[in-house]
Amino acid sequence: RDFCLSRGLGDVYKRQQVSKLKLMKANHTSQKYRLEDNITQHYPHQIAIFKERIEGFTADMEKYAKNKPEDKEQFFMQVGGKPYTDKKEAGTAIIAMCKEIKGINASADVGEYLGFKLNVTFDSFNNKFVMNVKGAMSHPMEVGTDPLGNITRINNALEAMPIQLEEAQTKLSNVEHQLETAKAEVDKPFPQEAELSEKLERLAEPVSYTHLRA
């Protein structure tokens, strides 16, 4: 009886260990599937997005450098098809055109500046106008009530491109590193596979009572 009790307790403990190992193996398998999805879908998609952004920012930076006047006081912008050489007048014209935009989330091209299209959208959710300075990429900024302030915001959006390019390059590098790490991890076997197999074999062993007959 003591032997049977001892054997029973031992089996319970072994079953608990096996259950724990099986759970660990299931988690390992789930992680493997996640890595496979990341390798074949998620990471390549992210890499393509960041490469496109890098190409877009690079092209827009070249356009900006080419069209930007050397004299900071020199200014030219088209708003509503009319040329402006005065910043305040151009900013006022932008505000006036925004007021003509009607409809929920309606948008309109309002002008051009340094080779970039100026498109304004009314954000009904936040009740504000958002201008996208469009080249290969869209560079958003909020349209305010200060005419000169709007021109400054447009310039700031264009000046921010080098920082955005650097951020895209950093994110691309990070995702590429994550992809290589995932490739290295995905084929690694379950580290406790041998231990799990051994414990399953021991549980399956029949109980021998021959020594009790002596």
# chains A, B, ... in the order shown; residues from 1 in each chain; ligands from 1

$ residues_around --residues "range 149-153 of chain A" --least-positions-apart "4" --cutoff "12 Å" --atoms "only C-alpha atoms" --output "NGL selection string"
:A and (72 or 75-77 or 79 or 84-95 or 113 or 118 or 129-133 or 139-145 or 157-160)

$ atom_distance --atom1 "CA of Gln169 in chain A" --atom2 "CA of Lys51 in chain A"
8.0 Å

$ closest_atom_pairs --of "range 90-202 of chain A" --to "range 53-66 of chain A" --cutoff "8 Å" --atoms "only C-alpha atoms" --output "CSV"
residue,atom,partner,partner_atom,distance
A:Leu114,CA,A:Tyr64,CA,6.7
A:Gly115,CA,A:Lys63,CA,7.2
A:Gly135,CA,A:Asp60,CA,5.9
A:Ala136,CA,A:Gly56,CA,5.0
A:Met137,CA,A:Gly56,CA,5.5
A:Leu158,CA,A:Tyr64,CA,7.5
A:Met161,CA,A:Phe57,CA,6.4
A:Pro162,CA,A:Met61,CA,7.5
A:Gln164,CA,A:Phe57,CA,7.6
A:Leu165,CA,A:Ile54,CA,5.9
A:Ala168,CA,A:Ile54,CA,6.2
A:Gln169,CA,A:Ile54,CA,6.8

$ closest_residue --among "A:Lys68, A:Ile163, A:Lys128, A:Val110" --to "Lys82 in chain A" --atoms "only C-alpha atoms"
A:Val110

$ select_by_dssp --residues "range 43-177 of chain A" --states "alpha helix (DSSP H)" --output "PyMOL selection string"
chain A and resi 43-67+87-100+147-159+161-177

$ select_by_dssp --residues "range 52-105 of chain A" --states "strand (DSSP E or B)" --output "number ranges by chain"
A: 77-79, 82-84

$ write_last_selection --atoms "C-alpha atoms" --output "PDB file, in the first residue's frame"
ATOM      1  CA  MET A  77       3.684  81.947 -53.376  1.00  0.00           C
ATOM      2  CA  GLN A  78       0.629  81.300 -55.505  1.00  0.00           C
ATOM      3  CA  VAL A  79      -2.709  81.209 -53.684  1.00  0.00           C
ATOM      4  CA  LYS A  82      -2.815  84.631 -57.816  1.00  0.00           C
ATOM      5  CA  PRO A  83       0.913  85.354 -57.199  1.00  0.00           C
ATOM      6  CA  TYR A  84       2.003  86.877 -53.877  1.00  0.00           C
TER       7      TYR A  84
END

$ atom_distance --atom1 "CA of Lys188 in chain A" --atom2 "CA of Lys32 in chain A"
8.7 Å

$ residues_around --residues "range 23-30 of chain A" --least-positions-apart "3" --cutoff "12 Å" --atoms "only C-alpha atoms" --output "ChimeraX atom specification"
/A:16-20,33-37,185-197

$ residues_around --residues "range 97-109 of chain A" --least-positions-apart "4" --cutoff "8 Å" --atoms "only C-alpha atoms" --output "short mmCIF file (atom, residue, chain, number, x, y, z; two decimals) with all heavy atoms, in the first residue's frame"
data_model
loop_
_atom_site.label_atom_id
_atom_site.label_comp_id
_atom_site.auth_asym_id
_atom_site.auth_seq_id
_atom_site.Cartn_x
_atom_site.Cartn_y
_atom_site.Cartn_z
N GLY A 80 -4.73 80.50 -54.79
CA GLY A 80 -5.92 80.71 -55.60
C GLY A 80 -5.60 81.19 -57.01
O GLY A 80 -6.39 81.93 -57.61
N ALA A 93 -4.64 85.31 -47.70
CA ALA A 93 -5.36 84.66 -48.80
C ALA A 93 -5.62 83.18 -48.49
O ALA A 93 -6.67 82.65 -48.85
CB ALA A 93 -4.55 84.80 -50.09
N LYS A 117 2.69 71.57 -53.83
CA LYS A 117 1.28 71.89 -53.85
C LYS A 117 0.78 72.14 -52.43
O LYS A 117 1.22 71.48 -51.48
CB LYS A 117 0.46 70.73 -54.46
CG LYS A 117 0.80 70.42 -55.92
CD LYS A 117 0.32 71.52 -56.85
CE LYS A 117 0.56 71.13 -58.30
NZ LYS A 117 0.13 72.20 -59.24
N LEU A 118 -0.12 73.08 -52.30
CA LEU A 118 -0.72 73.39 -50.99
C LEU A 118 -2.16 72.93 -51.00
O LEU A 118 -2.99 73.46 -51.74
CB LEU A 118 -0.63 74.89 -50.70
CG LEU A 118 0.77 75.51 -50.76
CD1 LEU A 118 0.69 77.01 -50.49
CD2 LEU A 118 1.72 74.84 -49.77
N ASN A 119 -2.47 71.92 -50.21
CA ASN A 119 -3.82 71.37 -50.16
C ASN A 119 -4.35 71.49 -48.74
O ASN A 119 -3.67 71.16 -47.77
CB ASN A 119 -3.80 69.89 -50.58
CG ASN A 119 -5.17 69.25 -50.51
OD1 ASN A 119 -5.59 68.76 -49.46
ND2 ASN A 119 -5.87 69.24 -51.63
N VAL A 120 -5.58 71.99 -48.63
CA VAL A 120 -6.19 72.21 -47.31
C VAL A 120 -7.39 71.29 -47.14
O VAL A 120 -8.21 71.14 -48.05
CB VAL A 120 -6.62 73.68 -47.13
CG1 VAL A 120 -7.44 73.84 -45.84
CG2 VAL A 120 -5.40 74.58 -47.08
N THR A 121 -7.47 70.66 -45.97
CA THR A 121 -8.60 69.80 -45.61
C THR A 121 -9.22 70.29 -44.32
O THR A 121 -8.50 70.69 -43.39
CB THR A 121 -8.14 68.34 -45.42
OG1 THR A 121 -7.57 67.86 -46.64
CG2 THR A 121 -9.31 67.44 -45.04
N PHE A 122 -10.55 70.28 -44.26
CA PHE A 122 -11.22 70.64 -43.01
C PHE A 122 -11.40 69.38 -42.18
O PHE A 122 -12.09 68.44 -42.58
CB PHE A 122 -12.57 71.29 -43.27
CG PHE A 122 -13.32 71.62 -42.00
CD1 PHE A 122 -12.80 72.53 -41.08
CD2 PHE A 122 -14.52 71.00 -41.71
CE1 PHE A 122 -13.47 72.83 -39.91
CE2 PHE A 122 -15.21 71.29 -40.53
CZ PHE A 122 -14.67 72.20 -39.63
N ASP A 123 -10.77 69.35 -41.04
CA ASP A 123 -10.87 68.24 -40.10
C ASP A 123 -12.09 68.48 -39.22
O ASP A 123 -12.02 69.23 -38.24
CB ASP A 123 -9.59 68.15 -39.27
CG ASP A 123 -9.61 67.00 -38.28
OD1 ASP A 123 -10.65 66.34 -38.13
OD2 ASP A 123 -8.58 66.76 -37.62
N SER A 124 -13.21 67.84 -39.57
CA SER A 124 -14.46 68.10 -38.86
C SER A 124 -14.43 67.58 -37.43
O SER A 124 -15.06 68.14 -36.53
CB SER A 124 -15.64 67.48 -39.61
OG SER A 124 -15.45 66.08 -39.75
N PHE A 129 -8.61 73.41 -39.76
CA PHE A 129 -8.10 73.22 -41.11
C PHE A 129 -6.66 72.72 -41.05
O PHE A 129 -5.85 73.24 -40.29
CB PHE A 129 -8.16 74.54 -41.90
CG PHE A 129 -9.55 74.97 -42.26
CD1 PHE A 129 -10.23 75.91 -41.49
CD2 PHE A 129 -10.19 74.43 -43.36
CE1 PHE A 129 -11.51 76.31 -41.82
CE2 PHE A 129 -11.48 74.82 -43.70
CZ PHE A 129 -12.14 75.76 -42.93
#

$ decode --residues "range 89-104 of chain A" --atoms "all heavy atoms" --output "tab-separated table (two decimals), in the first residue's frame"
chain	number	residue	atom	x	y	z
A	89	GLU	N	0.15	88.94	-46.94
A	89	GLU	CA	-0.96	88.89	-47.90
A	89	GLU	C	-1.22	87.44	-48.33
A	89	GLU	O	-2.38	87.03	-48.48
A	89	GLU	CB	-0.64	89.76	-49.11
A	89	GLU	CG	-0.66	91.26	-48.82
A	89	GLU	CD	-0.32	92.09	-50.04
A	89	GLU	OE1	-0.10	91.49	-51.12
A	89	GLU	OE2	-0.28	93.33	-49.93
A	90	ALA	N	-0.17	86.68	-48.53
A	90	ALA	CA	-0.33	85.28	-48.92
A	90	ALA	C	-1.00	84.50	-47.79
A	90	ALA	O	-1.90	83.68	-48.03
A	90	ALA	CB	1.02	84.67	-49.26
A	91	GLY	N	-0.58	84.75	-46.56
A	91	GLY	CA	-1.17	84.07	-45.41
A	91	GLY	C	-2.64	84.42	-45.24
A	91	GLY	O	-3.46	83.56	-44.90
A	92	THR	N	-2.97	85.68	-45.49
A	92	THR	CA	-4.37	86.12	-45.41
A	92	THR	C	-5.22	85.44	-46.48
A	92	THR	O	-6.36	85.04	-46.24
A	92	THR	CB	-4.46	87.65	-45.57
A	92	THR	OG1	-3.69	88.27	-44.53
A	92	THR	CG2	-5.90	88.13	-45.48
A	93	ALA	N	-4.64	85.31	-47.70
A	93	ALA	CA	-5.36	84.66	-48.80
A	93	ALA	C	-5.62	83.18	-48.49
A	93	ALA	O	-6.67	82.65	-48.85
A	93	ALA	CB	-4.55	84.80	-50.09
A	94	ILE	N	-4.68	82.54	-47.83
A	94	ILE	CA	-4.86	81.14	-47.45
A	94	ILE	C	-6.04	81.00	-46.49
A	94	ILE	O	-6.89	80.12	-46.65
A	94	ILE	CB	-3.58	80.57	-46.80
A	94	ILE	CG1	-2.48	80.39	-47.85
A	94	ILE	CG2	-3.87	79.24	-46.10
A	94	ILE	CD1	-1.13	80.01	-47.27
A	95	ILE	N	-6.11	81.87	-45.50
A	95	ILE	CA	-7.20	81.84	-44.52
A	95	ILE	C	-8.54	82.07	-45.22
A	95	ILE	O	-9.55	81.40	-44.93
A	95	ILE	CB	-6.98	82.90	-43.42
A	95	ILE	CG1	-5.74	82.54	-42.59
A	95	ILE	CG2	-8.20	82.99	-42.51
A	95	ILE	CD1	-5.32	83.61	-41.61
A	96	ALA	N	-8.55	83.01	-46.18
A	96	ALA	CA	-9.78	83.30	-46.91
A	96	ALA	C	-10.24	82.09	-47.73
A	96	ALA	O	-11.44	81.78	-47.78
A	96	ALA	CB	-9.56	84.49	-47.84
A	97	MET	N	-9.31	81.38	-48.33
A	97	MET	CA	-9.67	80.21	-49.11
A	97	MET	C	-10.16	79.07	-48.23
A	97	MET	O	-11.03	78.29	-48.62
A	97	MET	CB	-8.49	79.75	-49.96
A	97	MET	CG	-8.18	80.69	-51.13
A	97	MET	SD	-7.28	79.86	-52.46
A	97	MET	CE	-8.55	78.75	-53.11
A	98	CYS	N	-9.60	78.98	-47.04
A	98	CYS	CA	-10.07	77.96	-46.09
A	98	CYS	C	-11.54	78.17	-45.75
A	98	CYS	O	-12.31	77.20	-45.63
A	98	CYS	CB	-9.23	78.00	-44.81
A	98	CYS	SG	-7.57	77.32	-45.00
A	99	LYS	N	-11.93	79.41	-45.61
A	99	LYS	CA	-13.32	79.72	-45.25
A	99	LYS	C	-14.29	79.34	-46.35
A	99	LYS	O	-15.49	79.15	-46.10
A	99	LYS	CB	-13.45	81.21	-44.93
A	99	LYS	CG	-12.71	81.62	-43.66
A	99	LYS	CD	-12.82	83.11	-43.41
A	99	LYS	CE	-12.06	83.51	-42.14
A	99	LYS	NZ	-12.12	84.98	-41.89
A	100	GLU	N	-13.78	79.20	-47.58
A	100	GLU	CA	-14.64	78.83	-48.70
A	100	GLU	C	-14.84	77.32	-48.81
A	100	GLU	O	-15.71	76.86	-49.55
A	100	GLU	CB	-14.05	79.36	-50.01
A	100	GLU	CG	-14.02	80.89	-50.08
A	100	GLU	CD	-13.38	81.38	-51.37
A	100	GLU	OE1	-13.10	80.54	-52.25
A	100	GLU	OE2	-13.17	82.60	-51.51
A	101	ILE	N	-13.99	76.58	-48.09
A	101	ILE	CA	-14.10	75.12	-48.13
A	101	ILE	C	-15.28	74.69	-47.27
A	101	ILE	O	-15.33	74.96	-46.08
A	101	ILE	CB	-12.80	74.44	-47.64
A	101	ILE	CG1	-11.64	74.81	-48.56
A	101	ILE	CG2	-12.96	72.93	-47.59
A	101	ILE	CD1	-10.30	74.28	-48.08
A	102	LYS	N	-16.22	74.02	-47.88
A	102	LYS	CA	-17.41	73.58	-47.16
A	102	LYS	C	-17.58	72.07	-47.28
A	102	LYS	O	-17.11	71.45	-48.22
A	102	LYS	CB	-18.65	74.29	-47.71
A	102	LYS	CG	-18.61	75.81	-47.52
A	102	LYS	CD	-19.84	76.47	-48.11
A	102	LYS	CE	-19.79	77.98	-47.93
A	102	LYS	NZ	-20.97	78.65	-48.51
A	103	GLY	N	-18.23	71.49	-46.32
A	103	GLY	CA	-18.45	70.05	-46.33
A	103	GLY	C	-17.55	69.35	-45.34
A	103	GLY	O	-16.45	69.80	-45.04
A	104	ILE	N	-18.03	68.21	-44.84
A	104	ILE	CA	-17.29	67.44	-43.85
A	104	ILE	C	-16.07	66.79	-44.52
A	104	ILE	O	-16.19	66.09	-45.52
A	104	ILE	CB	-18.19	66.36	-43.23
A	104	ILE	CG1	-19.35	67.02	-42.47
A	104	ILE	CG2	-17.40	65.46	-42.31
A	104	ILE	CD1	-20.35	66.05	-41.92
